[in-house]
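Heads up, entry.pdb below (PDB, C-alpha atoms):
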```pdb
ATOM      1  CA  MET A 160     -32.746   6.695   0.861  1.00  0.00           C
ATOM      2  CA  VAL A 161     -31.191   3.216   0.667  1.00  0.00           C
ATOM      3  CA  ILE A 162     -29.250   1.636   3.522  1.00  0.00           C
ATOM      4  CA  LYS A 163     -26.697  -0.977   2.504  1.00  0.00           C
ATOM      5  CA  LYS A 164     -26.656  -4.298   4.321  1.00  0.00           C
ATOM      6  CA  ASN A 165     -23.341  -3.601   6.076  1.00  0.00           C
ATOM      7  CA  GLU A 166     -24.709  -0.235   7.300  1.00  0.00           C
ATOM      8  CA  VAL A 167     -27.789  -1.726   8.991  1.00  0.00           C
ATOM      9  CA  PRO A 168     -25.982  -2.533  12.300  1.00  0.00           C
ATOM     10  CA  VAL A 169     -24.784   1.091  12.480  1.00  0.00           C
ATOM     11  CA  PHE A 170     -28.333   2.335  11.940  1.00  0.00           C
ATOM     12  CA  LEU A 171     -29.781  -0.008  14.581  1.00  0.00           C
ATOM     13  CA  VAL A 172     -27.187   0.874  17.234  1.00  0.00           C
ATOM     14  CA  ASN A 173     -27.847   4.578  16.691  1.00  0.00           C
ATOM     15  CA  LEU A 174     -31.607   4.058  16.826  1.00  0.00           C
ATOM     16  CA  VAL A 175     -31.402   2.131  20.106  1.00  0.00           C
ATOM     17  CA  TYR A 176     -29.150   4.499  22.031  1.00  0.00           C
ATOM     18  CA  ILE A 177     -30.955   7.614  20.773  1.00  0.00           C
ATOM     19  CA  LEU A 178     -34.327   6.166  21.849  1.00  0.00           C
ATOM     20  CA  VAL A 179     -33.006   5.055  25.246  1.00  0.00           C
ATOM     21  CA  PHE A 180     -31.096   8.194  26.185  1.00  0.00           C
ATOM     22  CA  GLY A 181     -33.624  10.491  24.496  1.00  0.00           C
ATOM     23  CA  SER A 182     -36.445   8.962  26.536  1.00  0.00           C
ATOM     24  CA  LEU A 183     -34.410   9.322  29.715  1.00  0.00           C
ATOM     25  CA  SER A 184     -33.733  12.976  28.878  1.00  0.00           C
ATOM     26  CA  VAL A 185     -37.429  13.744  28.423  1.00  0.00           C
ATOM     27  CA  GLY A 186     -38.467  11.686  31.450  1.00  0.00           C
ATOM     28  CA  ARG A 187     -36.002  13.452  33.732  1.00  0.00           C
ATOM     29  CA  LYS A 188     -36.667  16.846  32.162  1.00  0.00           C
ATOM     30  CA  ASP A 189     -32.934  17.059  31.482  1.00  0.00           C
ATOM     31  CA  TYR A 190     -33.123  19.819  28.900  1.00  0.00           C
ATOM     32  CA  GLU A 191     -29.365  19.867  28.304  1.00  0.00           C
ATOM     33  CA  PHE A 192     -29.396  16.329  26.944  1.00  0.00           C
ATOM     34  CA  VAL A 193     -32.749  16.789  25.208  1.00  0.00           C
ATOM     35  CA  ILE A 194     -30.992  19.454  23.123  1.00  0.00           C
ATOM     36  CA  TYR A 195     -28.004  17.188  22.503  1.00  0.00           C
ATOM     37  CA  ALA A 196     -30.286  14.295  21.535  1.00  0.00           C
ATOM     38  CA  LEU A 197     -32.063  16.531  19.033  1.00  0.00           C
ATOM     39  CA  VAL A 198     -28.723  17.638  17.550  1.00  0.00           C
ATOM     40  CA  ILE A 199     -27.646  13.995  17.153  1.00  0.00           C
ATOM     41  CA  ILE A 200     -30.986  13.124  15.525  1.00  0.00           C
ATOM     42  CA  VAL A 201     -30.633  16.005  13.036  1.00  0.00           C
ATOM     43  CA  PHE A 202     -27.125  14.904  12.031  1.00  0.00           C
ATOM     44  CA  ALA A 203     -28.189  11.251  11.835  1.00  0.00           C
ATOM     45  CA  VAL A 204     -31.028  12.161   9.464  1.00  0.00           C
ATOM     46  CA  LEU A 205     -28.681  14.286   7.334  1.00  0.00           C
ATOM     47  CA  ILE A 206     -26.254  11.380   7.028  1.00  0.00           C
ATOM     48  CA  LEU A 207     -29.077   8.976   6.134  1.00  0.00           C
ATOM     49  CA  LEU A 208     -30.337  11.319   3.426  1.00  0.00           C
ATOM     50  CA  THR A 209     -26.921  11.978   1.890  1.00  0.00           C
ATOM     51  CA  GLN A 210     -25.044   8.710   2.478  1.00  0.00           C
ATOM     52  CA  ARG A 211     -25.564   7.336  -1.033  1.00  0.00           C
ATOM     53  CA  LYS A 212     -24.041  10.513  -2.439  1.00  0.00           C
ATOM     54  CA  VAL A 213     -21.302  11.038   0.143  1.00  0.00           C
ATOM     55  CA  GLU A 214     -20.524   7.361   0.909  1.00  0.00           C
ATOM     56  CA  PHE A 215     -18.922   7.729   4.324  1.00  0.00           C
ATOM     57  CA  PRO A 216     -16.834   4.590   4.979  1.00  0.00           C
ATOM     58  CA  LEU A 217     -17.978   2.255   7.757  1.00  0.00           C
ATOM     59  CA  SER A 218     -15.057   3.345   9.924  1.00  0.00           C
ATOM     60  CA  VAL A 219     -16.371   6.918   9.921  1.00  0.00           C
ATOM     61  CA  LEU A 220     -19.982   5.820  10.490  1.00  0.00           C
ATOM     62  CA  TRP A 221     -18.964   3.697  13.489  1.00  0.00           C
ATOM     63  CA  GLY A 222     -16.799   6.548  14.745  1.00  0.00           C
ATOM     64  CA  LEU A 223     -19.778   8.901  14.638  1.00  0.00           C
ATOM     65  CA  THR A 224     -21.874   6.253  16.390  1.00  0.00           C
ATOM     66  CA  LEU A 225     -19.278   5.860  19.138  1.00  0.00           C
ATOM     67  CA  TRP A 226     -19.100   9.620  19.591  1.00  0.00           C
ATOM     68  CA  GLY A 227     -22.853   9.970  19.979  1.00  0.00           C
ATOM     69  CA  PHE A 228     -23.059   7.040  22.382  1.00  0.00           C
ATOM     70  CA  VAL A 229     -20.213   8.062  24.717  1.00  0.00           C
ATOM     71  CA  HIS A 230     -21.569  11.597  24.743  1.00  0.00           C
ATOM     72  CA  MET A 231     -25.073  10.593  25.809  1.00  0.00           C
ATOM     73  CA  ALA A 232     -23.788   7.870  28.157  1.00  0.00           C
ATOM     74  CA  GLY A 233     -21.713  10.500  29.938  1.00  0.00           C
ATOM     75  CA  GLY A 234     -24.880  12.109  31.226  1.00  0.00           C
ATOM     76  CA  TYR A 235     -26.658   8.971  32.438  1.00  0.00           C
ATOM     77  CA  ILE A 236     -24.068   6.452  33.623  1.00  0.00           C
ATOM     78  CA  PHE A 237     -22.707   6.917  37.141  1.00  0.00           C
ATOM     79  CA  LEU A 238     -19.516   5.532  38.684  1.00  0.00           C
ATOM     80  CA  GLY A 239     -19.483   5.575  42.467  1.00  0.00           C
ATOM     81  CA  GLY A 240     -22.266   8.144  42.529  1.00  0.00           C
ATOM     82  CA  THR A 241     -20.445  10.459  40.113  1.00  0.00           C
ATOM     83  CA  ARG A 242     -21.842  11.237  36.691  1.00  0.00           C
ATOM     84  CA  LEU A 243     -19.532   9.727  34.087  1.00  0.00           C
ATOM     85  CA  TYR A 244     -18.923  13.115  32.481  1.00  0.00           C
ATOM     86  CA  ASP A 245     -17.464  14.345  35.796  1.00  0.00           C
ATOM     87  CA  VAL A 246     -15.233  11.333  36.465  1.00  0.00           C
ATOM     88  CA  VAL A 247     -11.506  12.160  36.595  1.00  0.00           C
ATOM     89  CA  PHE A 248      -9.434   9.206  35.365  1.00  0.00           C
ATOM     90  CA  VAL A 249      -5.966  10.686  35.911  1.00  0.00           C
ATOM     91  CA  HIS A 250      -5.162  13.703  38.100  1.00  0.00           C
ATOM     92  CA  LEU A 251      -2.729  15.570  35.837  1.00  0.00           C
ATOM     93  CA  VAL A 252      -3.686  19.261  36.030  1.00  0.00           C
ATOM     94  CA  LYS A 253      -6.230  21.062  38.194  1.00  0.00           C
ATOM     95  CA  VAL A 254      -7.312  24.677  37.721  1.00  0.00           C
ATOM     96  CA  GLU A 255     -10.105  25.872  40.006  1.00  0.00           C
ATOM     97  CA  ASN A 256     -12.945  23.341  39.548  1.00  0.00           C
ATOM     98  CA  ASP A 257     -11.678  21.840  36.294  1.00  0.00           C
ATOM     99  CA  GLU A 258      -9.224  19.015  36.003  1.00  0.00           C
ATOM    100  CA  ILE A 259      -7.369  16.855  33.484  1.00  0.00           C
ATOM    101  CA  LEU A 260      -7.963  14.028  32.627  1.00  0.00           C
ATOM    102  CA  ARG A 261     -11.755  13.787  32.766  1.00  0.00           C
ATOM    103  CA  TYR A 262     -14.147  11.606  30.800  1.00  0.00           C
ATOM    104  CA  ASP A 263     -15.476  14.771  29.169  1.00  0.00           C
ATOM    105  CA  GLN A 264     -12.104  15.517  27.602  1.00  0.00           C
ATOM    106  CA  ILE A 265     -11.791  11.966  26.270  1.00  0.00           C
ATOM    107  CA  VAL A 266     -15.179  12.383  24.581  1.00  0.00           C
ATOM    108  CA  HIS A 267     -13.895  15.593  22.957  1.00  0.00           C
ATOM    109  CA  VAL A 268     -10.769  13.817  21.684  1.00  0.00           C
ATOM    110  CA  ILE A 269     -12.885  11.028  20.193  1.00  0.00           C
ATOM    111  CA  GLY A 270     -15.593  13.318  18.875  1.00  0.00           C
ATOM    112  CA  PHE A 271     -13.511  15.891  17.096  1.00  0.00           C
ATOM    113  CA  GLY A 272     -11.050  13.309  15.919  1.00  0.00           C
ATOM    114  CA  VAL A 273     -13.996  11.688  14.125  1.00  0.00           C
ATOM    115  CA  ALA A 274     -15.231  15.121  12.977  1.00  0.00           C
ATOM    116  CA  THR A 275     -11.815  15.679  11.392  1.00  0.00           C
ATOM    117  CA  LEU A 276     -12.099  12.350   9.553  1.00  0.00           C
ATOM    118  CA  VAL A 277     -15.501  13.474   8.269  1.00  0.00           C
ATOM    119  CA  CYS A 278     -13.996  16.749   7.027  1.00  0.00           C
ATOM    120  CA  TYR A 279     -11.186  14.912   5.248  1.00  0.00           C
ATOM    121  CA  HIS A 280     -13.591  12.486   3.572  1.00  0.00           C
ATOM    122  CA  LEU A 281     -15.785  15.330   2.306  1.00  0.00           C
ATOM    123  CA  LEU A 282     -12.781  17.324   1.105  1.00  0.00           C
ATOM    124  CA  SER A 283     -10.952  14.392  -0.509  1.00  0.00           C
ATOM    125  CA  ARG A 284     -13.892  13.775  -2.853  1.00  0.00           C
ATOM    126  CA  HIS A 285     -12.994  17.052  -4.601  1.00  0.00           C
ATOM    127  CA  LEU A 286      -9.258  16.393  -4.854  1.00  0.00           C
ATOM    128  CA  PRO A 287      -7.407  14.683  -7.714  1.00  0.00           C
ATOM    129  CA  LYS A 288      -7.177  10.937  -7.187  1.00  0.00           C
ATOM    130  CA  GLY A 289      -3.998   9.839  -5.463  1.00  0.00           C
ATOM    131  CA  VAL A 290      -3.186  13.174  -3.817  1.00  0.00           C
ATOM    132  CA  ARG A 291      -1.487  12.648  -0.467  1.00  0.00           C
ATOM    133  CA  PRO A 292      -2.547  14.896   2.432  1.00  0.00           C
ATOM    134  CA  GLY A 293       0.852  16.562   2.965  1.00  0.00           C
ATOM    135  CA  VAL A 294       1.530  19.256   5.556  1.00  0.00           C
ATOM    136  CA  THR A 295      -0.725  21.969   4.134  1.00  0.00           C
ATOM    137  CA  LEU A 296      -3.780  19.775   3.578  1.00  0.00           C
ATOM    138  CA  SER A 297      -3.263  18.025   6.917  1.00  0.00           C
ATOM    139  CA  ALA A 298      -3.167  21.367   8.712  1.00  0.00           C
ATOM    140  CA  LEU A 299      -6.272  22.536   6.850  1.00  0.00           C
ATOM    141  CA  VAL A 300      -8.223  19.383   7.738  1.00  0.00           C
ATOM    142  CA  ALA A 301      -7.138  19.604  11.384  1.00  0.00           C
ATOM    143  CA  LEU A 302      -8.282  23.242  11.525  1.00  0.00           C
ATOM    144  CA  MET A 303     -11.639  22.216  10.033  1.00  0.00           C
ATOM    145  CA  GLY A 304     -12.102  19.663  12.805  1.00  0.00           C
ATOM    146  CA  MET A 305     -11.087  22.206  15.444  1.00  0.00           C
ATOM    147  CA  GLY A 306     -13.513  24.696  13.901  1.00  0.00           C
ATOM    148  CA  LEU A 307     -16.344  22.220  14.415  1.00  0.00           C
ATOM    149  CA  GLY A 308     -15.118  21.870  18.000  1.00  0.00           C
ATOM    150  CA  ALA A 309     -15.404  25.627  18.428  1.00  0.00           C
ATOM    151  CA  LEU A 310     -18.931  25.458  17.010  1.00  0.00           C
ATOM    152  CA  ASN A 311     -19.724  22.859  19.654  1.00  0.00           C
ATOM    153  CA  GLU A 312     -18.676  25.344  22.346  1.00  0.00           C
ATOM    154  CA  VAL A 313     -21.084  27.871  20.826  1.00  0.00           C
ATOM    155  CA  ILE A 314     -23.844  25.259  21.101  1.00  0.00           C
ATOM    156  CA  GLU A 315     -22.856  24.637  24.730  1.00  0.00           C
ATOM    157  CA  LEU A 316     -23.211  28.375  25.376  1.00  0.00           C
ATOM    158  CA  GLY A 317     -26.755  28.097  24.054  1.00  0.00           C
ATOM    159  CA  VAL A 318     -27.366  25.157  26.375  1.00  0.00           C
ATOM    160  CA  VAL A 319     -26.171  27.218  29.355  1.00  0.00           C
ATOM    161  CA  LEU A 320     -28.524  30.045  28.404  1.00  0.00           C
ATOM    162  CA  VAL A 321     -31.485  27.668  28.091  1.00  0.00           C
ATOM    163  CA  ALA A 322     -30.610  25.460  31.074  1.00  0.00           C
ATOM    164  CA  PRO A 323     -28.375  27.381  33.543  1.00  0.00           C
ATOM    165  CA  GLN A 324     -27.991  24.304  35.779  1.00  0.00           C
ATOM    166  CA  SER A 325     -26.694  22.175  32.916  1.00  0.00           C
ATOM    167  CA  GLY A 326     -23.222  21.704  34.394  1.00  0.00           C
ATOM    168  CA  VAL A 327     -21.506  22.523  31.113  1.00  0.00           C
ATOM    169  CA  GLY A 328     -18.729  24.309  32.988  1.00  0.00           C
ATOM    170  CA  GLY A 329     -16.925  27.642  32.890  1.00  0.00           C
ATOM    171  CA  TYR A 330     -13.952  29.265  31.171  1.00  0.00           C
ATOM    172  CA  TYR A 331     -11.360  26.611  32.017  1.00  0.00           C
ATOM    173  CA  ASN A 332     -13.728  23.833  30.990  1.00  0.00           C
ATOM    174  CA  THR A 333     -14.077  25.499  27.591  1.00  0.00           C
ATOM    175  CA  GLY A 334     -10.303  25.880  27.320  1.00  0.00           C
ATOM    176  CA  PHE A 335      -9.647  22.239  28.196  1.00  0.00           C
ATOM    177  CA  ASP A 336     -12.341  21.193  25.713  1.00  0.00           C
ATOM    178  CA  LEU A 337     -10.669  23.174  22.925  1.00  0.00           C
ATOM    179  CA  VAL A 338      -7.300  21.597  23.731  1.00  0.00           C
ATOM    180  CA  SER A 339      -8.925  18.152  23.684  1.00  0.00           C
ATOM    181  CA  ASN A 340     -10.477  18.965  20.305  1.00  0.00           C
ATOM    182  CA  ALA A 341      -7.040  19.904  18.985  1.00  0.00           C
ATOM    183  CA  VAL A 342      -5.565  16.624  20.268  1.00  0.00           C
ATOM    184  CA  GLY A 343      -8.355  14.645  18.589  1.00  0.00           C
ATOM    185  CA  ALA A 344      -7.933  16.532  15.301  1.00  0.00           C
ATOM    186  CA  THR A 345      -4.167  15.989  15.359  1.00  0.00           C
ATOM    187  CA  LEU A 346      -4.500  12.254  16.048  1.00  0.00           C
ATOM    188  CA  ALA A 347      -7.022  11.988  13.206  1.00  0.00           C
ATOM    189  CA  VAL A 348      -4.659  13.679  10.768  1.00  0.00           C
ATOM    190  CA  VAL A 349      -1.826  11.338  11.794  1.00  0.00           C
ATOM    191  CA  TRP A 350      -4.156   8.363  11.255  1.00  0.00           C
ATOM    192  CA  ILE A 351      -5.204   9.705   7.839  1.00  0.00           C
ATOM    193  CA  ASN A 352      -1.594  10.050   6.717  1.00  0.00           C
ATOM    194  CA  LEU A 353      -0.744   6.555   7.945  1.00  0.00           C
ATOM    195  CA  GLN A 354      -3.741   5.110   6.092  1.00  0.00           C
ATOM    196  CA  VAL A 355      -2.863   6.935   2.868  1.00  0.00           C
ATOM    197  CA  ALA A 356       0.780   5.846   3.117  1.00  0.00           C
ATOM    198  CA  SER A 357      -0.289   2.248   3.735  1.00  0.00           C
ATOM    199  CA  ARG A 358      -2.645   2.330   0.750  1.00  0.00           C
ATOM    200  CA  LYS A 359       0.092   3.769  -1.480  1.00  0.00           C
ATOM    201  CA  LYS A 360       2.464   1.033  -0.360  1.00  0.00           C
ATOM    202  CA  ARG A 361      -0.096  -1.660  -1.206  1.00  0.00           C
ATOM    203  CA  GLU A 362      -0.713  -0.108  -4.630  1.00  0.00           C
ATOM    204  CA  HIS A 363       3.026  -0.038  -5.403  1.00  0.00           C
ATOM    205  CA  THR A 364       3.355  -3.640  -4.262  1.00  0.00           C
ATOM    206  CA  ASP A 365       0.443  -4.709  -6.479  1.00  0.00           C
ATOM    207  CA  GLU A 366       1.964  -2.857  -9.459  1.00  0.00           C
ATOM    208  CA  ALA A 367       5.295  -4.548  -8.883  1.00  0.00           C
ATOM    209  CA  HIS A 368       3.628  -7.962  -8.781  1.00  0.00           C
ATOM    210  CA  GLN A 369       1.714  -7.231 -11.978  1.00  0.00           C
ATOM    211  CA  GLN A 370       4.867  -6.116 -13.782  1.00  0.00           C
ATOM    212  CA  GLY A 371       6.740  -9.172 -12.580  1.00  0.00           C
ATOM    213  CA  SER A 372       4.065 -11.622 -13.683  1.00  0.00           C
TER     214      SER A 372
END
```
File written out as structure tokens:
Amino acid sequence: MVIKKNEVPVFLVNLVYILVFGSLSVGRKDYEFVIYALVIIVFAVLILLTQRKVEFPLSVLWGLTLWGFVHMAGGYIFLGGTRLYDVVFVHLVKVENDEILRYDQIVHVIGFGVATLVCYHLLSRHLPKGVRPGVTLSALVALMGMGLGALNEVIELGVVLVAPQSGVGGYYNTGFDLVSNAVGATLAVVWINLQVASRKKREHTDEAHQQGS
């Protein structure tokens, strides 16, 4: 397991926030976030062990770091006495006790947008060099990200069973989360296509310069 120099800041940021929020979770006996902290630790270790083989770009590593941080921060930072996860930024839609747009939904957009980027990176390693995403591949990658979002809801069900007072939310919360996951996955696919198109344009420009010189 070798960490490159430019990956050290990512490792340190993850170590700090996991230690801080993990300690708070244990100290407060907040079993919901103890479980989440353990999940983050497991994934962090998996990435550390496989990074030299997989070679996630820094953008993806920082995206995963941001996701983990905003998720844990949502449970421990309060604004005006309200837990950050429960803060409503814009009152767009309200159904029973759930509302759009909450911090929680923003975390889902970020998180499963990043998860979609991870899926694309893993998949692209097995594709012929230079293949553009296209409609079919873009849809497949987006569905992979949304599938991970659905898995997250399964994990949240487990959290509810273990800690009934977790505040995970009910049916509409799950529905809004799934929609947020879809938005994040879609934005990620758009970003992927823009990045690929930009890279292709640079390659064509470089070829033209080489032929003209």
Select all residues near (-19.3, -0.6, 14.4) (cut-off 10 Å, inclusive, file coordinates), counting all atoms listed in the file, and output them as a short mmCIF file (atom, residue, chain, number, x, y, z; two decimals) with C-alpha atoms, keeping the file's coordinate frame.
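Listed below is the output, result00.cif:
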```cif
data_model
loop_
_atom_site.label_atom_id
_atom_site.label_comp_id
_atom_site.auth_asym_id
_atom_site.auth_seq_id
_atom_site.Cartn_x
_atom_site.Cartn_y
_atom_site.Cartn_z
CA ASN A 165 -23.34 -3.60 6.08
CA GLU A 166 -24.71 -0.24 7.30
CA PRO A 168 -25.98 -2.53 12.30
CA VAL A 169 -24.78 1.09 12.48
CA PHE A 170 -28.33 2.34 11.94
CA VAL A 172 -27.19 0.87 17.23
CA LEU A 217 -17.98 2.26 7.76
CA SER A 218 -15.06 3.34 9.92
CA VAL A 219 -16.37 6.92 9.92
CA LEU A 220 -19.98 5.82 10.49
CA TRP A 221 -18.96 3.70 13.49
CA GLY A 222 -16.80 6.55 14.74
CA LEU A 223 -19.78 8.90 14.64
CA THR A 224 -21.87 6.25 16.39
CA LEU A 225 -19.28 5.86 19.14
#
```
- Contacts of segment 293-305 of chain A within 7 Å, only C-alpha atoms, excl. fewer than 2 positions in-chain, as a list of chain:residue names: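 What passes the distance filter is A:Phe271, A:Ala274, A:Thr275, A:Cys278, A:Tyr279, A:Arg291, A:Leu307, A:Gly308, A:Ala309, A:Asn340, A:Ala341, A:Ala344, A:Thr345, A:Val348.
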- Task: Considering only C-alpha atoms, state which residue in the set A:Val254, A:Leu286, A:Ile265, A:Val161 is at the smallest distance from Leu207 of chain A.
- Result: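 Under the stated criterion, the closest residue is A:Val161.
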- Message: Here's the selection I'm unsure about, the PyMOL selection byres ((chain A and resi 174) around 12); applied to the file above, which residues does it give, as a PyMOL selection string?
- Response: chain A and resi 167-173+175-182+196+199-200+203-204+224+227-228
Selection dump of the PyMOL selection byres ((chain A and resi 261) around 10), as a CSV table (one decimal) with C-alpha atoms, in the coordinates of the input:
```
chain,number,residue,atom,x,y,z
A,243,LEU,CA,-19.5,9.7,34.1
A,244,TYR,CA,-18.9,13.1,32.5
A,245,ASP,CA,-17.5,14.3,35.8
A,246,VAL,CA,-15.2,11.3,36.5
A,247,VAL,CA,-11.5,12.2,36.6
A,248,PHE,CA,-9.4,9.2,35.4
A,249,VAL,CA,-6.0,10.7,35.9
A,250,HIS,CA,-5.2,13.7,38.1
A,251,LEU,CA,-2.7,15.6,35.8
A,257,ASP,CA,-11.7,21.8,36.3
A,258,GLU,CA,-9.2,19.0,36.0
A,259,ILE,CA,-7.4,16.9,33.5
A,260,LEU,CA,-8.0,14.0,32.6
A,262,TYR,CA,-14.1,11.6,30.8
A,263,ASP,CA,-15.5,14.8,29.2
A,264,GLN,CA,-12.1,15.5,27.6
A,265,ILE,CA,-11.8,12.0,26.3
A,266,VAL,CA,-15.2,12.4,24.6
A,335,PHE,CA,-9.6,22.2,28.2
```
- Query: Which one of A:Gly306, A:Pro216, A:Gly317, A:Gly233 sits closest to Gly272 of chain A if you count only C-alpha atoms?
  - Reply: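 The answer is A:Gly306, which sits nearest to Gly272 of chain A.
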- Task: Rank A:Lys253, A:Trp350, A:His267, A:Gly234 by their smallest atom-to-atom distance to Val193 of chain A, using all atoms listed in the file, and report the top residue only.
- Result: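 Comparing A:Lys253, A:Trp350, A:His267, A:Gly234 against Val193 of chain A, the winner is A:Gly234.
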- Smallest atom-to-atom distance to Val268 of chain A: which of A:Trp226, A:Tyr235, A:Tyr195, A:Phe215, using only C-alpha atoms?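 Nearest candidate to Val268 of chain A out of A:Trp226, A:Tyr235, A:Tyr195, A:Phe215: A:Trp226.
Counting from atom CA of Lys359 of chain A, the distance to atom CA of Val273 of chain A is 22.5 Å.
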- How far is it from atom CA of Leu282 of chain A to atom CA of His230 of chain A, in Å with one decimal?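 Here the two named atoms are 25.9 Å from each other.
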